[in-house]
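Undergrad: Quick one: this structure, given as structure tokens, is what I'll be asking you about.
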Amino acid sequence: MDNLVLIGMPSSGKSTAGVLLAKKIGYGFIDCDLLIQGEEGALLCEIIEKKGAEGFLQVEERVNAGLYADRCVIATGGSVVYCERAMEHLKTIGTVIYLKLGKEAVKERIPSFEKRGVVMRGDVSSLDELYAQRVPLYEKYADRTVDCGGKTIEETVTAIAASVGIAL
């Protein structure tokens, strides 16, 4: 299956760049956060509030591990890297691309983690701790890494395509 799977911190551009990339290369687009919201009938922040971080991750793992697509750009939720079974599955159906964004840029883009629906796992309670916890996981699962720091969304789309040998 010829999919491009985008992972990275919340606000790194997975959904925004993903849909633009899909349009430019003639692929379908799947937003896993929207799939989760649709299946659960609630916003991400409501699911996290109701089920807790671990309960949300069970839903995220089920949705991502059960995903089948061909010739799609897949924008995952930022916390999917906590879900080993889901990540193993995603790696079998496509190329996993880590959209790397520096901690300061993430802070600028996300004023409120609670309203955004960001999973804070374990004793993590700050962006600094979240960043330190997740970056090694993104790096572990990535087949390619695209540094999005200082790039416009169009530059990010071009860089993602170039990382897999697609000229736009």
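Ordering of the structure tokens sets the chain letters (A, B, ...), residue numbers begin anew at 1 in every chain, and ligands are numbered from 1 in the order given.
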For Gly28 of chain A, work out the shell of residues within 10 Å, counting only C-alpha atoms and skipping chain neighbours fewer than 3 positions away, then give it as a ChimeraX atom specification.
TA: /A:3,18-19,21-23,25,69-74
Undergrad: Env of Asn64 of chain A: 9 Å cut, atoms = only C-alpha atoms, seq-sep filter 2 positions within chain, self excluded. Answer as a short mmCIF file (atom, residue, chain, number, x, y, z; two decimals) with all heavy atoms, in the first residue's frame.
TA:
data_model
loop_
_atom_site.label_atom_id
_atom_site.label_comp_id
_atom_site.auth_asym_id
_atom_site.auth_seq_id
_atom_site.Cartn_x
_atom_site.Cartn_y
_atom_site.Cartn_z
N CYS A 32 -7.03 10.98 11.09
CA CYS A 32 -7.36 9.98 12.11
C CYS A 32 -8.08 10.58 13.31
O CYS A 32 -8.94 9.92 13.91
CB CYS A 32 -6.10 9.23 12.55
SG CYS A 32 -5.42 8.22 11.21
N ILE A 36 -11.64 9.20 14.80
CA ILE A 36 -11.88 8.92 16.22
C ILE A 36 -13.11 9.68 16.70
O ILE A 36 -13.99 9.11 17.35
CB ILE A 36 -10.63 9.28 17.07
CG1 ILE A 36 -9.50 8.30 16.76
CG2 ILE A 36 -10.97 9.29 18.57
CD1 ILE A 36 -8.14 8.74 17.30
N VAL A 59 -8.81 3.75 22.26
CA VAL A 59 -9.62 4.09 21.08
C VAL A 59 -8.70 4.44 19.91
O VAL A 59 -8.88 3.95 18.79
CB VAL A 59 -10.57 5.28 21.38
CG1 VAL A 59 -11.27 5.75 20.12
CG2 VAL A 59 -11.58 4.91 22.46
N GLU A 60 -7.68 5.26 20.18
CA GLU A 60 -6.75 5.67 19.12
C GLU A 60 -6.04 4.46 18.52
O GLU A 60 -5.88 4.36 17.30
CB GLU A 60 -5.75 6.69 19.67
CG GLU A 60 -4.85 7.27 18.61
CD GLU A 60 -4.07 8.48 19.11
OE1 GLU A 60 -3.58 8.46 20.27
OE2 GLU A 60 -3.94 9.44 18.34
N GLU A 61 -5.63 3.54 19.38
CA GLU A 61 -4.94 2.35 18.89
C GLU A 61 -5.88 1.51 18.02
O GLU A 61 -5.51 1.06 16.93
CB GLU A 61 -4.41 1.50 20.04
CG GLU A 61 -3.73 0.24 19.56
CD GLU A 61 -2.52 -0.12 20.37
OE1 GLU A 61 -2.63 -0.22 21.60
OE2 GLU A 61 -1.44 -0.28 19.77
N ARG A 62 -7.10 1.31 18.47
CA ARG A 62 -8.07 0.51 17.70
C ARG A 62 -8.33 1.14 16.33
O ARG A 62 -8.29 0.45 15.31
CB ARG A 62 -9.39 0.40 18.49
CG ARG A 62 -10.49 -0.31 17.72
CD ARG A 62 -11.78 -0.44 18.51
NE ARG A 62 -12.21 0.73 19.24
CZ ARG A 62 -12.85 1.78 18.70
NH1 ARG A 62 -13.11 1.80 17.42
NH2 ARG A 62 -13.23 2.79 19.46
N GLY A 66 -6.69 -0.49 12.81
CA GLY A 66 -7.67 -1.05 11.90
C GLY A 66 -7.80 -0.29 10.59
O GLY A 66 -8.67 -0.59 9.78
N LEU A 67 -6.94 0.67 10.37
CA LEU A 67 -7.03 1.52 9.19
C LEU A 67 -6.46 0.82 7.96
O LEU A 67 -5.36 0.29 7.99
CB LEU A 67 -6.25 2.81 9.45
CG LEU A 67 -6.32 3.90 8.40
CD1 LEU A 67 -7.74 4.40 8.23
CD2 LEU A 67 -5.42 5.06 8.80
N TYR A 68 -7.25 0.79 6.90
CA TYR A 68 -6.78 0.26 5.62
C TYR A 68 -7.03 1.31 4.57
O TYR A 68 -8.13 1.83 4.44
CB TYR A 68 -7.46 -1.07 5.27
CG TYR A 68 -6.95 -2.16 6.16
CD1 TYR A 68 -7.61 -2.49 7.33
CD2 TYR A 68 -5.77 -2.83 5.86
CE1 TYR A 68 -7.12 -3.46 8.17
CE2 TYR A 68 -5.27 -3.81 6.70
CZ TYR A 68 -5.95 -4.12 7.85
OH TYR A 68 -5.45 -5.08 8.70
N THR A 76 -2.14 11.45 11.40
CA THR A 76 -2.43 10.80 12.68
C THR A 76 -2.56 11.85 13.78
O THR A 76 -2.16 13.00 13.61
CB THR A 76 -1.31 9.83 13.07
OG1 THR A 76 -0.10 10.56 13.28
CG2 THR A 76 -1.10 8.76 12.00
N VAL A 80 -0.48 9.08 18.74
CA VAL A 80 -0.51 7.72 18.18
C VAL A 80 0.78 6.96 18.45
O VAL A 80 0.78 5.73 18.53
CB VAL A 80 -0.85 7.74 16.67
CG1 VAL A 80 0.33 8.25 15.85
CG2 VAL A 80 -1.28 6.36 16.19
N CYS A 83 0.95 4.17 20.89
CA CYS A 83 0.20 2.96 20.53
C CYS A 83 1.05 2.07 19.63
O CYS A 83 1.03 2.19 18.41
CB CYS A 83 -1.09 3.35 19.82
SG CYS A 83 -2.11 4.55 20.72
N ARG A 85 1.01 -1.11 18.68
CA ARG A 85 0.34 -1.94 17.66
C ARG A 85 -0.11 -1.07 16.48
O ARG A 85 0.03 -1.46 15.32
CB ARG A 85 -0.86 -2.67 18.29
CG ARG A 85 -1.53 -3.65 17.36
CD ARG A 85 -2.56 -4.53 18.10
NE ARG A 85 -3.60 -3.77 18.75
CZ ARG A 85 -4.79 -3.50 18.20
NH1 ARG A 85 -5.09 -3.94 17.00
NH2 ARG A 85 -5.69 -2.81 18.87
N ALA A 86 -0.64 0.10 16.77
CA ALA A 86 -1.07 1.01 15.70
C ALA A 86 0.12 1.45 14.86
O ALA A 86 0.05 1.47 13.62
CB ALA A 86 -1.79 2.23 16.29
N MET A 87 1.23 1.80 15.50
CA MET A 87 2.39 2.26 14.75
C MET A 87 2.98 1.14 13.90
O MET A 87 3.40 1.38 12.76
CB MET A 87 3.45 2.85 15.69
CG MET A 87 3.09 4.21 16.26
SD MET A 87 2.63 5.46 15.01
CE MET A 87 4.05 5.47 13.94
N HIS A 89 1.31 -1.25 12.57
CA HIS A 89 0.38 -1.38 11.44
C HIS A 89 0.60 -0.26 10.42
O HIS A 89 0.69 -0.52 9.22
CB HIS A 89 -1.07 -1.37 11.93
CG HIS A 89 -2.06 -1.31 10.81
ND1 HIS A 89 -2.27 -2.35 9.95
CD2 HIS A 89 -2.87 -0.30 10.40
CE1 HIS A 89 -3.19 -2.00 9.06
NE2 HIS A 89 -3.56 -0.76 9.31
N LEU A 90 0.69 0.98 10.91
CA LEU A 90 0.86 2.12 10.00
C LEU A 90 2.15 1.98 9.19
O LEU A 90 2.18 2.33 8.01
CB LEU A 90 0.82 3.43 10.78
CG LEU A 90 -0.54 3.80 11.38
CD1 LEU A 90 -0.41 4.97 12.35
CD2 LEU A 90 -1.56 4.09 10.30
#
Undergrad: Using only C-alpha atoms, which of the listed residues (A:Ile97, A:Leu127, A:Leu34, A:Leu43) sits closest to Gly77 of chain A?
TA: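 Going through A:Ile97, A:Leu127, A:Leu34, A:Leu43 one by one, the smallest distance to Gly77 of chain A is for A:Leu34.
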Undergrad: Residues near Glu154 of chain A, anyone? I mean within 10 Å using only C-alpha atoms, not counting same-chain ones fewer than 5 positions away, as an MDAnalysis selection string.
TA: chainID A and resid 16:17 20:21 159:160
Undergrad: For Ala167 of chain A, please output as a list in words all residues within 9 Å (counting only C-alpha atoms; exclusion window: fewer than 5 positions along the same chain).
TA: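 Once the nearby chain positions are removed, what remains is Thr158, Ala161 and Ala162 of chain A.
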Undergrad: Taking into account only C-alpha atoms, which residue in the set A:Lys100, A:Lys91, A:Arg121, A:Lys140 is nearest to Leu57 of chain A?
TA: A:Arg121
Undergrad: Expressed in Å to a single decimal, how great is the separation between atom CA of Leu101 of chain A and atom CA of Ala42 of chain A?
TA: 27.9 Å
Undergrad: Give me, as a ChimeraX atom specification, all polymer residues having an atom no more than 8 Å from Met9 of chain A, counting only C-alpha atoms and skipping those fewer than 4 positions away in the same chain.
TA: /A:78-79,99-101,106,131,134
Undergrad: Residues as selected, C-alpha atoms, written as an mmCIF file, in the first residue's frame, can you do that?
TA:
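Result file follows (again_5.cif):
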data_model
loop_
_atom_site.group_PDB
_atom_site.id
_atom_site.type_symbol
_atom_site.label_atom_id
_atom_site.label_comp_id
_atom_site.auth_asym_id
_atom_site.auth_seq_id
_atom_site.Cartn_x
_atom_site.Cartn_y
_atom_site.Cartn_z
ATOM 1 C CA GLY A 78 0.056 13.388 17.933
ATOM 2 C CA SER A 79 -0.346 10.688 20.581
ATOM 3 C CA LEU A 99 6.971 16.442 10.891
ATOM 4 C CA LYS A 100 9.545 17.848 13.273
ATOM 5 C CA LEU A 101 8.754 21.149 14.965
ATOM 6 C CA VAL A 106 4.774 24.277 19.337
ATOM 7 C CA TYR A 131 7.930 17.197 24.097
ATOM 8 C CA ARG A 134 7.214 12.160 22.553
#
Undergrad: Give the strand (DSSP E or B) residues of chain A, as assigned by DSSP on the backbone, as a ChimeraX atom specification.
TA: /A:3-7,28-31,72-75,94-100,144-147
Undergrad: Among chain A, which residues does DSSP mark as helix (DSSP H, G or I) when it is run on the backbone? Keep the chain and numbering as in the structure and answer as a count of residues only.
TA: 95
